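So this one's entry-v4.cif, mmCIF, C-alpha atoms:
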```
data_protein
#
loop_
_atom_site.group_PDB
_atom_site.id
_atom_site.type_symbol
_atom_site.label_atom_id
_atom_site.label_comp_id
_atom_site.auth_asym_id
_atom_site.auth_seq_id
_atom_site.Cartn_x
_atom_site.Cartn_y
_atom_site.Cartn_z
ATOM 1 C CA MET A 1 35.568 -28.968 -48.766
ATOM 2 C CA GLU A 2 35.117 -32.720 -48.598
ATOM 3 C CA SER A 3 38.465 -33.151 -46.912
ATOM 4 C CA LEU A 4 37.615 -31.019 -43.885
ATOM 5 C CA PRO A 5 36.626 -32.874 -40.716
ATOM 6 C CA GLU A 6 33.071 -32.578 -39.485
ATOM 7 C CA LEU A 7 32.624 -29.977 -36.724
ATOM 8 C CA PRO A 8 31.643 -31.373 -33.330
ATOM 9 C CA HIS A 9 28.157 -30.489 -32.122
ATOM 10 C CA VAL A 10 27.389 -28.883 -28.773
ATOM 11 C CA VAL A 11 25.116 -31.139 -26.762
ATOM 12 C CA GLN A 12 23.497 -30.448 -23.402
ATOM 13 C CA LEU A 13 23.880 -33.288 -20.920
ATOM 14 C CA PRO A 14 21.012 -34.248 -18.572
ATOM 15 C CA ASP A 15 22.833 -32.588 -15.657
ATOM 16 C CA GLY A 16 22.755 -29.227 -17.529
ATOM 17 C CA ARG A 17 26.372 -29.083 -18.764
ATOM 18 C CA TYR A 18 27.248 -28.445 -22.401
ATOM 19 C CA VAL A 19 29.862 -30.591 -24.133
ATOM 20 C CA TYR A 20 31.194 -31.110 -27.654
ATOM 21 C CA ALA A 21 29.979 -34.552 -28.668
ATOM 22 C CA ASP A 22 27.913 -36.458 -31.129
ATOM 23 C CA ALA A 23 24.268 -36.390 -30.024
ATOM 24 C CA ALA A 24 23.747 -40.016 -31.084
ATOM 25 C CA SER A 25 26.578 -41.284 -28.875
ATOM 26 C CA ILE A 26 25.101 -39.900 -25.630
ATOM 27 C CA VAL A 27 22.797 -42.270 -23.755
ATOM 28 C CA PRO A 28 19.986 -40.464 -21.955
ATOM 29 C CA ALA A 29 20.183 -40.837 -18.170
ATOM 30 C CA GLN A 30 17.315 -42.453 -16.322
ATOM 31 C CA GLN A 31 15.388 -40.455 -13.751
ATOM 32 C CA THR A 32 16.062 -42.014 -10.355
ATOM 33 C CA GLY A 33 13.548 -40.073 -8.259
ATOM 34 C CA PRO A 34 10.854 -37.455 -8.435
ATOM 35 C CA GLN A 35 11.771 -34.151 -9.992
ATOM 36 C CA ILE A 36 12.233 -31.388 -7.428
ATOM 37 C CA VAL A 37 10.602 -28.081 -8.266
ATOM 38 C CA HIS A 38 11.679 -25.037 -6.292
ATOM 39 C CA GLN A 39 8.818 -22.570 -6.072
ATOM 40 C CA HIS A 40 9.280 -19.183 -4.454
ATOM 41 C CA ILE A 41 6.120 -17.477 -3.220
ATOM 42 C CA HIS A 42 6.402 -13.796 -2.441
ATOM 43 C CA GLN A 43 3.731 -11.881 -0.567
ATOM 44 C CA ALA A 44 2.992 -8.306 -1.566
ATOM 45 C CA PRO A 45 3.242 -5.650 1.145
ATOM 46 C CA PRO A 46 -0.103 -4.973 2.861
ATOM 47 C CA ASP A 47 -0.239 -1.308 1.799
ATOM 48 C CA ARG A 48 -0.706 -2.211 -1.865
ATOM 49 C CA THR A 49 -4.135 -3.792 -1.479
ATOM 50 C CA VAL A 50 -5.919 -1.326 -3.775
ATOM 51 C CA GLN A 51 -3.320 -1.752 -6.475
ATOM 52 C CA ARG A 52 -3.483 -5.562 -6.274
ATOM 53 C CA ILE A 53 -7.276 -5.499 -6.490
ATOM 54 C CA ALA A 54 -7.166 -3.161 -9.481
ATOM 55 C CA LEU A 55 -4.621 -5.289 -11.295
ATOM 56 C CA GLY A 56 -6.377 -8.518 -10.426
ATOM 57 C CA SER A 57 -9.762 -7.373 -11.690
ATOM 58 C CA GLY A 58 -8.359 -6.240 -15.032
ATOM 59 C CA VAL A 59 -9.084 -2.563 -14.462
ATOM 60 C CA GLY A 60 -5.657 -1.569 -15.689
ATOM 61 C CA ALA A 61 -2.872 0.841 -15.038
ATOM 62 C CA GLY A 62 -5.186 3.849 -14.754
ATOM 63 C CA ALA A 63 -6.768 2.551 -11.580
ATOM 64 C CA VAL A 64 -3.390 1.683 -10.127
ATOM 65 C CA ALA A 65 -2.049 5.149 -10.903
ATOM 66 C CA ALA A 66 -5.169 6.730 -9.419
ATOM 67 C CA GLY A 67 -4.815 4.669 -6.252
ATOM 68 C CA VAL A 68 -1.151 5.558 -5.903
ATOM 69 C CA TYR A 69 -1.621 9.266 -6.647
ATOM 70 C CA PHE A 70 -5.032 10.150 -5.231
ATOM 71 C CA GLY A 71 -4.843 7.969 -2.108
ATOM 72 C CA PRO A 72 -2.254 10.081 -0.268
ATOM 73 C CA LEU A 73 -3.747 13.239 -1.799
ATOM 74 C CA LEU A 74 -7.148 12.379 -0.301
ATOM 75 C CA VAL A 75 -5.598 11.672 3.105
ATOM 76 C CA GLY A 76 -3.812 15.031 2.992
ATOM 77 C CA ALA A 77 -6.976 16.900 2.026
ATOM 78 C CA LEU A 78 -9.031 15.254 4.781
ATOM 79 C CA THR A 79 -6.306 16.051 7.315
ATOM 80 C CA ALA A 80 -6.312 19.709 6.254
ATOM 81 C CA ILE A 81 -10.114 19.872 6.537
ATOM 82 C CA ALA A 82 -9.995 18.297 10.004
ATOM 83 C CA ALA A 83 -7.340 20.789 11.113
ATOM 84 C CA ASN A 84 -9.447 23.727 9.874
ATOM 85 C CA LEU A 85 -12.523 22.420 11.682
ATOM 86 C CA ALA A 86 -10.505 21.977 14.873
ATOM 87 C CA ILE A 87 -9.280 25.587 14.703
ATOM 88 C CA LEU A 88 -12.819 26.860 14.074
ATOM 89 C CA ALA A 89 -14.151 24.830 16.999
ATOM 90 C CA PHE A 90 -11.436 26.243 19.268
ATOM 91 C CA LEU A 91 -12.298 29.796 18.201
ATOM 92 C CA ALA A 92 -16.005 29.189 18.823
ATOM 93 C CA VAL A 93 -15.298 27.853 22.306
ATOM 94 C CA ALA A 94 -12.992 30.765 23.104
ATOM 95 C CA LEU A 95 -15.541 33.354 21.909
ATOM 96 C CA ALA A 96 -18.403 31.672 23.773
ATOM 97 C CA TRP A 97 -16.311 31.562 26.935
ATOM 98 C CA GLY A 98 -15.509 35.259 26.517
ATOM 99 C CA VAL A 99 -19.175 36.173 26.081
ATOM 100 C CA VAL A 100 -20.259 34.116 29.090
ATOM 101 C CA ARG A 101 -17.459 35.568 31.172
ATOM 102 C CA SER A 102 -18.316 39.144 30.255
ATOM 103 C CA VAL A 103 -22.062 38.725 30.842
ATOM 104 C CA GLY A 104 -21.625 36.840 34.106
ATOM 105 C CA GLY A 105 -19.649 39.572 35.916
ATOM 106 C CA ALA A 106 -20.713 42.856 37.554
ATOM 107 C CA GLU A 107 -20.328 44.712 34.278
ATOM 108 C CA GLY A 108 -22.563 42.170 32.563
ATOM 109 C CA ALA A 109 -25.260 42.603 35.176
ATOM 110 C CA ALA A 110 -25.096 46.402 34.801
ATOM 111 C CA ALA A 111 -25.352 46.054 31.013
ATOM 112 C CA ALA A 112 -28.383 43.761 31.350
ATOM 113 C CA ARG A 113 -30.097 46.315 33.673
ATOM 114 C CA SER A 114 -29.358 49.074 31.201
ATOM 115 C CA VAL A 115 -30.904 47.077 28.323
ATOM 116 C CA ARG A 116 -33.975 46.275 30.445
ATOM 117 C CA ARG A 117 -34.488 49.955 31.304
ATOM 118 C CA SER A 118 -34.150 51.028 27.704
ATOM 119 C CA ARG A 119 -36.795 48.487 26.621
ATOM 120 C CA ARG A 120 -39.236 49.676 29.295
ATOM 121 C CA ARG A 121 -38.944 53.288 28.119
ATOM 122 C CA ARG A 122 -40.128 52.452 24.628
#
```
Encoded form (structure tokens):
Amino acid sequence: MESLPELPHVVQLPDGRYVYADAASIVPAQQTGPQIVHQHIHQAPPDRTVQRIALGSGVGAGAVAAGVYFGPLLVGALTAIAANLAILAFLAVALAWGVVRSVGGAEGAAAARSVRRSRRRR
């Protein structure tokens, strides 16, 4: 085994390339200017505010899941409640208009006279 040549070592050069060479024979290159650091900053979409707050405060994945799941569910439930209330309000207005319309006509006046007469007889 003594007769085998020594295997070359893989060395990384300062420019990032890898070469087969002896590490002692490579002279380190001098830095000529300031090191440039590329930093990419990404902004989260604005509709994830609750999730970012939950993650940032250390609440955990449960709060994030609750915000993702129950947020739209709550909006849907409130929309359904508002629709039901709107239908009930429309029915109340329609019934009130019908009552006023029936009492305000000639038949309504005759019915009111009839009720007045029946009360006087008692």
Can you work out the spacing between atom CA of His40 of chain A and atom CA of Arg17 of chain A in Å, to one decimal?
24.4 Å
Could you check how far atom CA of Ala80 of chain A sits from atom CA of Val99 of chain A, in Å to one decimal?
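Taking atom CA of Ala80 of chain A and atom CA of Val99 of chain A, their separation equals 28.8 Å.
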To one decimal in Å, tell me the separation between atom CA of Val100 of chain A and atom CA of Leu85 of chain A.
22.4 Å
